[in-house]
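The data block below is start-v8.tsv; it holds TSV, C-alpha atoms and all ligand atoms.
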chain	number	residue	atom	x	y	z
R	50	MET	CA	-7.38	-7.48	-14.62
R	51	VAL	CA	-7.66	-8.35	-18.26
R	52	ILE	CA	-4.18	-9.21	-19.42
R	53	THR	CA	-4.31	-7.42	-22.75
R	54	LEU	CA	-0.63	-7.56	-23.61
R	55	GLU	CA	0.64	-10.28	-25.92
R	56	ARG	CA	1.25	-13.50	-24.04
R	57	THR	CA	4.95	-13.62	-23.49
R	58	GLN	CA	7.28	-16.58	-23.18
R	59	VAL	CA	8.70	-16.11	-19.70
R	60	THR	CA	10.29	-18.48	-17.21
R	61	ALA	CA	10.82	-18.36	-13.45
R	62	LYS	CA	14.43	-17.29	-14.11
R	63	ASP	CA	13.20	-14.00	-15.59
R	64	PHE	CA	11.77	-13.03	-12.19
R	65	LYS	CA	14.89	-13.88	-10.19
R	66	SER	CA	16.30	-10.84	-8.38
R	67	ASN	CA	19.98	-10.39	-7.51
R	68	GLN	CA	19.11	-9.14	-4.00
R	69	LYS	CA	19.90	-11.32	-0.98
R	70	SER	CA	16.91	-11.90	1.26
R	71	THR	CA	16.94	-10.93	4.96
R	72	TRP	CA	13.95	-13.14	5.80
R	73	CYS	CA	14.47	-15.68	8.62
R	74	PRO	CA	15.10	-19.29	7.58
R	75	GLY	CA	11.74	-21.04	7.25
R	76	CYS	CA	9.77	-17.78	6.78
R	77	GLY	CA	6.50	-18.26	4.89
R	78	ASP	CA	7.36	-15.24	2.73
R	79	PHE	CA	9.64	-17.49	0.64
R	80	GLY	CA	6.62	-19.61	-0.38
R	81	ILE	CA	4.58	-16.48	-1.19
R	82	LEU	CA	7.40	-15.07	-3.35
R	83	SER	CA	7.67	-18.33	-5.25
R	84	ALA	CA	3.86	-18.46	-5.70
R	85	ILE	CA	3.79	-14.93	-7.18
R	86	GLN	CA	6.66	-15.77	-9.56
R	87	THR	CA	4.88	-18.96	-10.70
R	88	ALA	CA	1.58	-17.12	-11.19
R	89	LEU	CA	3.27	-14.47	-13.35
R	90	VAL	CA	4.98	-17.15	-15.46
R	91	ASN	CA	1.75	-19.13	-15.85
R	92	ALA	CA	-0.17	-15.99	-16.84
R	93	GLY	CA	2.50	-15.13	-19.44
R	94	VAL	CA	3.25	-11.76	-17.86
R	95	ALA	CA	6.80	-10.45	-18.34
R	96	PRO	CA	8.74	-8.63	-15.58
R	97	TRP	CA	8.24	-5.22	-17.27
R	98	GLN	CA	4.48	-5.77	-17.50
R	99	ALA	CA	3.95	-6.09	-13.73
R	100	ILE	CA	4.43	-3.80	-10.75
R	101	LEU	CA	4.47	-4.79	-7.09
R	102	VAL	CA	3.72	-1.98	-4.63
R	103	SER	CA	4.35	-2.77	-0.98
R	104	GLY	CA	4.14	-1.08	2.41
R	105	ILE	CA	6.57	-1.64	5.29
R	106	GLY	CA	7.15	-4.96	7.03
R	107	CYS	CA	9.03	-8.22	6.53
R	108	GLY	CA	6.63	-9.30	3.78
R	109	SER	CA	6.74	-5.83	2.24
R	110	LYS	CA	10.38	-6.43	1.30
R	111	LEU	CA	9.09	-8.81	-1.38
R	112	PRO	CA	9.39	-6.38	-4.36
R	113	ASP	CA	13.15	-6.32	-3.72
R	114	TYR	CA	13.36	-10.08	-4.22
R	115	ILE	CA	11.60	-10.28	-7.56
R	116	ASN	CA	12.79	-8.96	-10.89
R	117	ALA	CA	9.80	-6.79	-11.88
R	118	ASN	CA	8.79	-3.16	-11.35
R	119	GLY	CA	8.62	-2.46	-7.61
R	120	TYR	CA	7.75	0.34	-5.23
R	121	MET	CA	8.21	0.06	-1.48
R	122	THR	CA	6.06	2.83	-0.01
R	123	LEU	CA	4.86	3.80	3.49
R	124	HIS	CA	3.39	1.59	6.18
R	125	GLY	CA	-0.32	1.18	5.39
R	126	ARG	CA	-0.25	3.03	2.07
R	127	ALA	CA	0.52	0.27	-0.46
R	128	VAL	CA	-3.07	-0.09	-1.68
R	129	THR	CA	-3.50	3.67	-2.15
R	130	ILE	CA	-0.33	3.98	-4.21
R	131	ALA	CA	-1.08	0.80	-6.14
R	132	SER	CA	-4.46	2.26	-7.12
R	133	GLY	CA	-2.74	5.46	-8.37
R	134	VAL	CA	-0.22	3.42	-10.34
R	135	HIS	CA	-3.03	1.39	-11.86
R	136	LEU	CA	-5.02	4.49	-12.92
R	137	ALA	CA	-1.91	6.06	-14.46
R	138	ASN	CA	-1.03	2.92	-16.39
R	139	THR	CA	-3.87	0.45	-16.77
R	140	ASP	CA	-1.63	-1.71	-18.98
R	141	LEU	CA	0.40	-2.84	-15.97
R	142	VAL	CA	-0.61	-5.84	-13.87
R	143	THR	CA	-0.65	-4.12	-10.49
R	144	PHE	CA	-0.12	-5.84	-7.15
R	145	ALA	CA	-0.37	-4.38	-3.64
R	146	ILE	CA	1.71	-6.48	-1.25
R	147	THR	CA	1.07	-6.02	2.46
R	148	GLY	CA	1.39	-7.79	5.77
R	149	ASP	CA	-1.68	-8.23	7.98
R	150	GLY	CA	-0.55	-5.26	10.09
R	151	ASP	CA	0.00	-3.11	7.05
R	152	GLY	CA	-3.22	-4.07	5.26
R	153	PHE	CA	-5.66	-4.73	8.10
R	154	GLY	CA	-4.17	-2.44	10.77
R	155	ILE	CA	-2.83	0.97	9.79
R	156	GLY	CA	-4.00	0.64	6.17
R	157	ILE	CA	-7.51	-0.69	6.72
R	158	GLY	CA	-9.28	2.55	5.73
R	159	HIS	CA	-7.55	2.60	2.34
R	160	VAL	CA	-8.25	-1.09	1.82
R	161	ILE	CA	-11.99	-0.72	2.46
R	162	HIS	CA	-12.40	2.25	0.11
R	163	ASN	CA	-10.43	0.58	-2.68
R	164	MET	CA	-12.54	-2.56	-2.32
R	165	ARG	CA	-15.69	-0.41	-2.51
R	166	ARG	CA	-14.36	1.31	-5.66
R	167	ASN	CA	-13.53	-2.08	-7.16
R	168	MET	CA	-10.07	-0.88	-8.09
R	169	ASP	CA	-8.52	-3.36	-10.51
R	170	ILE	CA	-5.55	-4.51	-8.44
R	171	VAL	CA	-4.43	-7.75	-6.81
R	172	HIS	CA	-3.98	-7.24	-3.08
R	173	ILE	CA	-1.89	-9.97	-1.49
R	174	VAL	CA	-2.02	-10.01	2.30
R	175	GLU	CA	0.78	-12.06	3.85
R	176	ASN	CA	-1.03	-12.97	7.05
R	177	ASN	CA	1.31	-14.27	9.76
R	178	GLU	CA	-1.03	-12.94	12.49
R	179	VAL	CA	1.78	-10.86	14.01
R	180	TYR	CA	3.90	-7.72	13.41
R	181	GLY	CA	7.08	-9.48	12.27
R	182	LEU	CA	9.44	-6.63	11.37
R	183	THR	CA	8.97	-4.78	14.67
R	184	LYS	CA	9.64	-7.93	16.72
R	185	GLY	CA	6.38	-9.71	17.16
R	186	GLN	CA	3.66	-7.49	18.64
R	187	TYR	CA	0.09	-8.81	18.20
R	188	SER	CA	-1.71	-7.68	15.04
R	189	PRO	CA	-5.39	-7.18	14.07
R	190	THR	CA	-5.54	-10.81	12.93
R	191	SER	CA	-3.92	-12.30	16.07
R	192	LYS	CA	-6.21	-14.70	17.86
R	193	ARG	CA	-7.64	-13.88	21.27
R	194	GLY	CA	-5.29	-15.27	23.87
R	195	PHE	CA	-2.19	-15.05	21.61
R	196	ARG	CA	0.83	-14.25	23.79
R	197	THR	CA	3.34	-11.71	22.46
R	198	SER	CA	5.61	-9.01	23.88
R	199	THR	CA	2.63	-6.62	23.86
R	200	SER	CA	0.13	-9.19	25.13
R	201	PRO	CA	2.08	-11.22	27.73
R	202	GLU	CA	-1.17	-12.45	29.28
R	203	GLY	CA	-2.80	-13.13	25.91
R	204	ALA	CA	-4.44	-10.73	23.42
R	205	ILE	CA	-7.84	-9.59	24.64
R	206	GLU	CA	-9.06	-8.10	21.36
R	207	PHE	CA	-11.42	-9.79	18.92
R	208	SER	CA	-9.56	-10.34	15.64
R	209	ILE	CA	-10.54	-9.12	12.16
R	210	ASN	CA	-12.26	-11.58	9.83
R	211	PRO	CA	-10.57	-10.66	6.50
R	212	LEU	CA	-12.93	-12.63	4.26
R	213	ALA	CA	-16.19	-11.32	5.77
R	214	LEU	CA	-14.77	-7.81	5.88
R	215	ALA	CA	-13.76	-7.90	2.19
R	216	LEU	CA	-17.14	-9.29	1.19
R	217	SER	CA	-19.08	-6.58	3.00
R	218	ALA	CA	-16.72	-3.84	1.74
R	219	GLY	CA	-17.34	-4.79	-1.90
R	220	ALA	CA	-14.25	-6.75	-3.01
R	221	THR	CA	-15.25	-8.66	-6.14
R	222	PHE	CA	-12.69	-11.47	-5.79
R	223	ILE	CA	-11.77	-13.07	-2.49
R	224	GLY	CA	-9.32	-15.95	-2.30
R	225	ARG	CA	-7.24	-17.62	0.35
R	226	SER	CA	-4.21	-19.88	0.33
R	227	PHE	CA	-1.23	-20.94	2.44
R	228	SER	CA	2.48	-20.13	2.14
R	229	GLY	CA	3.28	-23.82	2.67
R	230	ASP	CA	1.36	-24.76	-0.49
R	231	PRO	CA	2.89	-22.44	-3.17
R	232	LYS	CA	1.29	-24.41	-6.01
R	233	HIS	CA	-2.20	-23.74	-4.65
R	234	ALA	CA	-1.27	-20.15	-3.84
R	235	ALA	CA	0.03	-19.61	-7.41
R	236	ASP	CA	-3.24	-20.89	-8.82
R	237	VAL	CA	-5.33	-18.54	-6.63
R	238	ILE	CA	-3.03	-15.58	-7.48
R	239	LYS	CA	-3.27	-16.30	-11.22
R	240	GLN	CA	-7.08	-16.33	-11.01
R	241	ALA	CA	-6.92	-13.05	-9.05
R	242	MET	CA	-4.72	-11.51	-11.79
R	243	GLU	CA	-7.21	-12.53	-14.44
R	244	HIS	CA	-10.11	-11.02	-12.50
R	245	LYS	CA	-11.20	-7.48	-13.39
R	246	GLY	CA	-11.65	-5.64	-10.12
R	247	TYR	CA	-10.37	-5.68	-6.54
R	248	ALA	CA	-8.93	-9.10	-5.83
R	249	LEU	CA	-8.00	-9.89	-2.24
R	250	VAL	CA	-5.73	-12.90	-1.81
R	251	GLU	CA	-5.11	-13.66	1.83
R	252	ILE	CA	-2.13	-15.97	2.19
R	253	LEU	CA	-1.81	-17.59	5.60
R	254	GLN	CA	1.86	-17.37	6.42
R	255	THR	CA	4.12	-19.00	8.97
R	256	CYS	CA	6.44	-16.81	11.07
R	257	PRO	CA	8.88	-19.23	12.72
R	258	THR	CA	10.38	-16.43	14.84
R	259	TYR	CA	7.34	-14.72	16.40
R	260	ASN	CA	4.44	-17.10	15.87
R	261	LYS	CA	5.56	-20.42	17.32
R	262	VAL	CA	1.98	-21.73	17.56
R	263	GLN	CA	0.86	-21.59	13.92
R	264	ASN	CA	3.57	-23.62	12.21
R	265	VAL	CA	3.29	-25.67	9.00
R	266	GLU	CA	1.81	-28.71	10.78
R	267	TRP	CA	-0.73	-26.52	12.60
R	268	TYR	CA	-1.90	-24.97	9.31
R	269	LYS	CA	-2.02	-28.34	7.55
R	270	ALA	CA	-4.38	-29.57	10.28
R	271	GLN	CA	-6.52	-26.40	10.37
R	272	THR	CA	-7.00	-25.71	6.63
R	273	TYR	CA	-9.17	-27.37	4.01
R	274	LYS	CA	-9.99	-26.76	0.34
R	275	ILE	CA	-13.51	-25.37	-0.10
R	276	LEU	CA	-14.33	-27.42	-3.21
R	277	GLU	CA	-12.96	-30.67	-1.76
R	278	GLU	CA	-15.24	-30.34	1.26
R	279	ASN	CA	-18.24	-29.06	-0.73
R	280	PRO	CA	-18.09	-29.69	-4.52
R	281	GLU	CA	-21.44	-27.84	-4.85
R	282	TYR	CA	-20.04	-24.61	-3.41
R	283	ASP	CA	-20.92	-21.66	-5.68
R	284	CYS	CA	-18.38	-18.84	-5.32
R	285	THR	CA	-20.64	-16.43	-7.24
R	286	ASP	CA	-23.27	-16.59	-4.47
R	287	PRO	CA	-22.54	-13.87	-1.87
R	288	PHE	CA	-24.81	-15.54	0.70
R	289	GLN	CA	-22.91	-18.84	0.57
R	290	ALA	CA	-19.66	-16.89	0.73
R	291	PHE	CA	-20.82	-14.88	3.72
R	292	GLN	CA	-22.00	-18.00	5.54
R	293	LEU	CA	-18.65	-19.71	4.93
R	294	SER	CA	-16.67	-16.66	5.99
R	295	MET	CA	-18.63	-16.50	9.27
R	296	LEU	CA	-18.22	-20.20	10.15
R	297	ASN	CA	-16.48	-20.09	13.46
R	298	ASP	CA	-15.11	-23.62	13.76
R	299	GLY	CA	-11.44	-22.63	14.01
R	300	ARG	CA	-10.65	-23.98	10.54
R	301	TYR	CA	-9.61	-21.98	7.47
R	302	PRO	CA	-11.42	-22.56	4.15
R	303	MET	CA	-8.98	-22.26	1.21
R	304	GLY	CA	-9.52	-21.43	-2.46
R	305	ILE	CA	-11.89	-18.95	-4.11
R	306	LEU	CA	-14.48	-17.83	-1.58
R	307	TYR	CA	-16.17	-15.25	-3.79
R	308	LYS	CA	-16.13	-13.94	-7.34
R	309	ASN	CA	-18.36	-11.29	-8.92
R	310	THR	CA	-17.71	-10.54	-12.58
R	311	GLU	CA	-20.73	-8.31	-13.06
R	312	ARG	CA	-19.69	-5.14	-11.29
R	313	PRO	CA	-17.57	-2.77	-13.45
R	314	CYS	CA	-14.22	-1.80	-12.02
R	315	TYR	CA	-13.29	1.80	-11.26
R	316	SER	CA	-11.01	2.44	-14.26
R	317	GLU	CA	-13.69	1.20	-16.65
R	318	GLN	CA	-15.86	4.10	-15.53
R	319	VAL	CA	-13.34	6.94	-15.56
R	320	PRO	CA	-14.34	9.18	-18.55
R	321	ALA	CA	-10.71	10.07	-19.44
R	322	LEU	CA	-9.94	6.39	-19.85
R	323	GLN	CA	-12.94	5.70	-22.06
R	324	GLN	CA	-11.80	7.52	-25.20
R	325	ASN	CA	-9.80	4.75	-26.86
R	326	LYS	CA	-6.59	6.60	-26.05
R	327	GLY	CA	-5.19	3.71	-24.06
R	328	ALA	CA	-3.43	4.04	-20.72
R	329	LEU	CA	-3.23	7.55	-19.24
R	330	VAL	CA	0.58	7.56	-19.48
R	331	ASN	CA	0.27	7.32	-23.27
R	332	HIS	CA	-2.16	10.23	-23.68
R	333	SER	CA	-0.91	13.32	-25.46
R	334	LEU	CA	-0.18	16.27	-23.19
R	335	GLU	CA	-1.25	18.70	-25.89
R	336	ILE	CA	-4.19	20.91	-24.96
R	337	ASP	CA	-7.13	21.21	-27.33
R	338	PRO	CA	-6.84	24.89	-28.58
R	339	VAL	CA	-10.63	25.43	-28.50
R	340	LEU	CA	-10.79	24.21	-24.89
R	341	PHE	CA	-7.75	26.33	-24.03
R	342	GLU	CA	-9.42	29.52	-25.37
R	343	LYS	CA	-12.57	28.69	-23.40
R	344	LEU	CA	-10.56	28.24	-20.19
R	345	LYS	CA	-8.68	31.48	-20.84
R	346	ALA	CA	-11.93	33.37	-21.38
R	347	ALA	CA	-13.36	31.95	-18.17
R	348	TYR	CA	-10.38	32.52	-15.88
R	349	VAL	CA	-8.05	35.18	-17.30
O	1	LIG	C1	3.53	5.08	10.24
O	1	LIG	C2	4.31	3.92	10.79
O	1	LIG	N1	3.90	3.34	11.93
O	1	LIG	C3	4.59	2.29	12.43
O	1	LIG	C4	5.68	1.81	11.77
O	1	LIG	C5	6.46	0.64	12.37
O	1	LIG	N2	6.20	-0.59	11.69
O	1	LIG	C6	6.95	-1.00	10.63
O	1	LIG	S1	6.48	-2.49	10.03
O	1	LIG	C7	5.24	-2.61	11.20
O	1	LIG	C8	4.34	-3.81	11.29
O	1	LIG	C9	4.63	-4.88	10.31
O	1	LIG	O1	3.70	-5.92	10.44
O	1	LIG	P1	2.99	-6.55	9.19
O	1	LIG	O2	2.42	-5.51	8.31
O	1	LIG	O3	2.03	-7.58	9.68
O	1	LIG	O4	4.19	-7.21	8.36
O	1	LIG	P2	5.25	-8.35	8.75
O	1	LIG	O5	6.47	-7.63	9.24
O	1	LIG	O6	4.65	-9.25	9.78
O	1	LIG	O7	5.50	-9.03	7.44
O	1	LIG	C10	5.20	-1.50	12.03
O	1	LIG	C11	4.25	-1.30	13.13
O	1	LIG	C12	6.07	2.44	10.57
O	1	LIG	N3	7.11	1.99	9.84
O	1	LIG	N4	5.37	3.47	10.10
The structure in this file should be written as structure tokens.
Ligand SMILES: Cc1ncc(C[n+]2csc(CCOP(=O)(O)OP(=O)(O)O)c2C)c(N)n1
Amino acid sequence: MVITLERTQVTAKDFKSNQKSTWCPGCGDFGILSAIQTALVNAGVAPWQAILVSGIGCGSKLPDYINANGYMTLHGRAVTIASGVHLANTDLVTFAITGDGDGFGIGIGHVIHNMRRNMDIVHIVENNEVYGLTKGQYSPTSKRGFRTSTSPEGAIEFSINPLALALSAGATFIGRSFSGDPKHAADVIKQAMEHKGYALVEILQTCPTYNKVQNVEWYKAQTYKILEENPEYDCTDPFQAFQLSMLNDGRYPMGILYKNTERPCYSEQVPALQQNKGALVNHSLEIDPVLFEKLKAAYV
């Protein structure tokens, strides 16, 4: 989104919440929280200029742990409500915060349609490849063979490929980072905030309680930065992005996979928002008397 408000002098302290976290020690959500706070500070966005809309899950508790506007909604509905919030007040920097179960399981239909509409929100998916809050069932991103309480002999389903899915659904910004590298994650999130359109940021996240396989060391060995491996990589080329997203070598490319700045976002095309009246919440509620008489004549 274009950050139109005056750049504000903010520090990490401004985003500190007085709520005590219930996350397990070592949970990757701590790194994601810190990355979001750093990104907001670096973008000069004040707590009252941002809203974080989440679903239900361990990671969806995040809005409670940050001093900014927050809205914890229903499981799978964060993106839908975030898009409504954004259309009502385009001046706010709007985040949807979901787990992989919330975003890519129950909420996948909403996610696809909001990507297609190019809704101007930042969607952060905290991907721990498991349903954490409900005690570790396998999720749509769990790998085949992953053993959980609901897959004691190993998951038999083929997992979702979030990057390829987002690309084909029409997301105009696709980035990926890791909860164990909050500096990198903050940089990707800041770029997503500055993008106008649907920005997916998948953050690979450790779950020390229910995903004992994919710990920090495992991710450090399995991830690499796209531009370090291929300095020629062009994130504006959808074909290169698709090829990279489909590489099936077990490793995770990190950074900006894709960026398209040419497609207008949804709110830019809504007639009611095109009349220089600013955000919808600031429009006058007064009815034009000529229009009112016309409506009366037609319906009464
Ligand atoms: C409609 C509905 N279905 C199921 C649930 C139960 N439920 C709550 S959180 C959750 C999964 C959470 O997993 P994820 O989104 O990956 O987040 P995590 O807890 O791992 O951060 C489920 C199935 C619910 N709250 N509402």
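Using all atoms listed in the file, the nearest neighbour of Leu212 of chain R within the list R:Val134, R:Leu296, R:Val265, R:Val330 is R:Leu296.
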Check: Can you tell me, as a PyMOL selection string, which residues sit within 9 Å of (3.1, -18.2, 17.1) in the file's frame, using all atoms listed in the file?
Finding: chain R and resi 177-179+195-197+255-264
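If only C-alpha atoms are the atoms counted, then among R:His135, R:Phe288, R:Lys345, R:Ala84 the closest residue to Val237 of chain R is R:Ala84.
With distances restricted to all atoms listed in the file, R:Thr183 is the closest residue to ligand LIG 1 (chain O) from R:Thr183, R:Ser191, R:Thr122, R:Thr221.
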Next item on the list: Could I get the residue neighbourhood of ligand LIG 1 (chain O) at 7 Å, counting only C-alpha atoms and all ligand atoms, as a list in words?
Entry: Ile105, Gly106, Cys107, Gly108, Ser109, Leu123, His124, Thr147, Gly148, Asp149, Gly150, Asp151, Gly152, Glu175, Asn176, Asn177, Glu178, Val179, Tyr180, Gly181, Leu182, Thr183 and Ser188 of chain R
Excluding Glu206 of chain R and its own-chain neighbours fewer than 6 positions away, which residues fall within 9 Å of it when counting all atoms listed in the file? Please give them as a CSV table (one decimal) with C-alpha atoms, in the frame of the given file.
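Output file out_0.csv is given in full below:
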chain,number,residue,atom,x,y,z
R,189,PRO,CA,-5.4,-7.2,14.1
R,191,SER,CA,-3.9,-12.3,16.1
R,192,LYS,CA,-6.2,-14.7,17.9
R,193,ARG,CA,-7.6,-13.9,21.3
R,194,GLY,CA,-5.3,-15.3,23.9
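Here atom CA of Gln324 of chain R stands at a distance of 15.1 Å from atom CA of Asp140 of chain R.
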Can you check which parts of segment 155-236 of chain R lie within 12 Å of segment 274-284 of chain R? Per residue, the shortest pair of atoms and distance in Å to one decimal, counting only C-alpha atoms, sorted by chain and number, as CSV.
residue,atom,partner,partner_atom,distance
R:Leu216,CA,R:Cys284,CA,11.6
R:Thr221,CA,R:Cys284,CA,10.7
R:Phe222,CA,R:Cys284,CA,9.3
R:Ile223,CA,R:Cys284,CA,9.2
R:Gly224,CA,R:Cys284,CA,10.0
R:Arg225,CA,R:Lys274,CA,9.5
R:Ser226,CA,R:Lys274,CA,9.0
R:Phe227,CA,R:Lys274,CA,10.7
R:Asp230,CA,R:Lys274,CA,11.6
R:His233,CA,R:Lys274,CA,9.7
R:Ala234,CA,R:Lys274,CA,11.7
Checklist line | Atom pair atom CA of Asp169 of chain R / atom CA of Asp78 of chain R: separation (Å) | finding: 23.8 Å
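For the choices R:Asp63, R:Asp113, R:Asp236, R:Asp286, the atom-to-atom distance to Asn91 of chain R is smallest for R:Asp236 when using all atoms listed in the file.
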Check: If we count all atoms listed in the file, what is near Asn116 of chain R at a cut-off of 6 Å, once residues fewer than 3 positions away on the same chain are taken out, given as number ranges by chain?
Finding: R: 64-66
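Checking R:Lys308, R:Lys184, R:Lys62, R:Arg300 one by one against Gln240 of chain R, counting all atoms listed in the file, you find the shortest gap at R:Lys308.
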Notebook entry, point to check: Contacts of Leu293 of chain R at 8 Å or less, counting all atoms listed in the file, minus same-chain residues fewer than 3 places along, as number ranges by chain?
Noted result: R: 289-290, 296, 302, 306
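Atom pair atom CA of Ile238 of chain R / atom CA of Met303 of chain R has a distance of 12.5 Å (rounded to one decimal).
Of the listed residues R:Leu253, R:Ala328, R:Ala347, R:Leu101, the one whose atoms come nearest to Cys76 of chain R is R:Leu253, with distances taken using all atoms listed in the file.
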Next item on the list: Could you pull out every residue with an atom within 12 Å of (-8.1, -8.2, -7.4), file coordinates, counting all atoms listed in the file, and send them as a PyMOL selection string?
Entry: chain R and resi 50-51+128+131-132+135+142-146+160+163-174+215+219-224+237-251+305+307-310+314-315
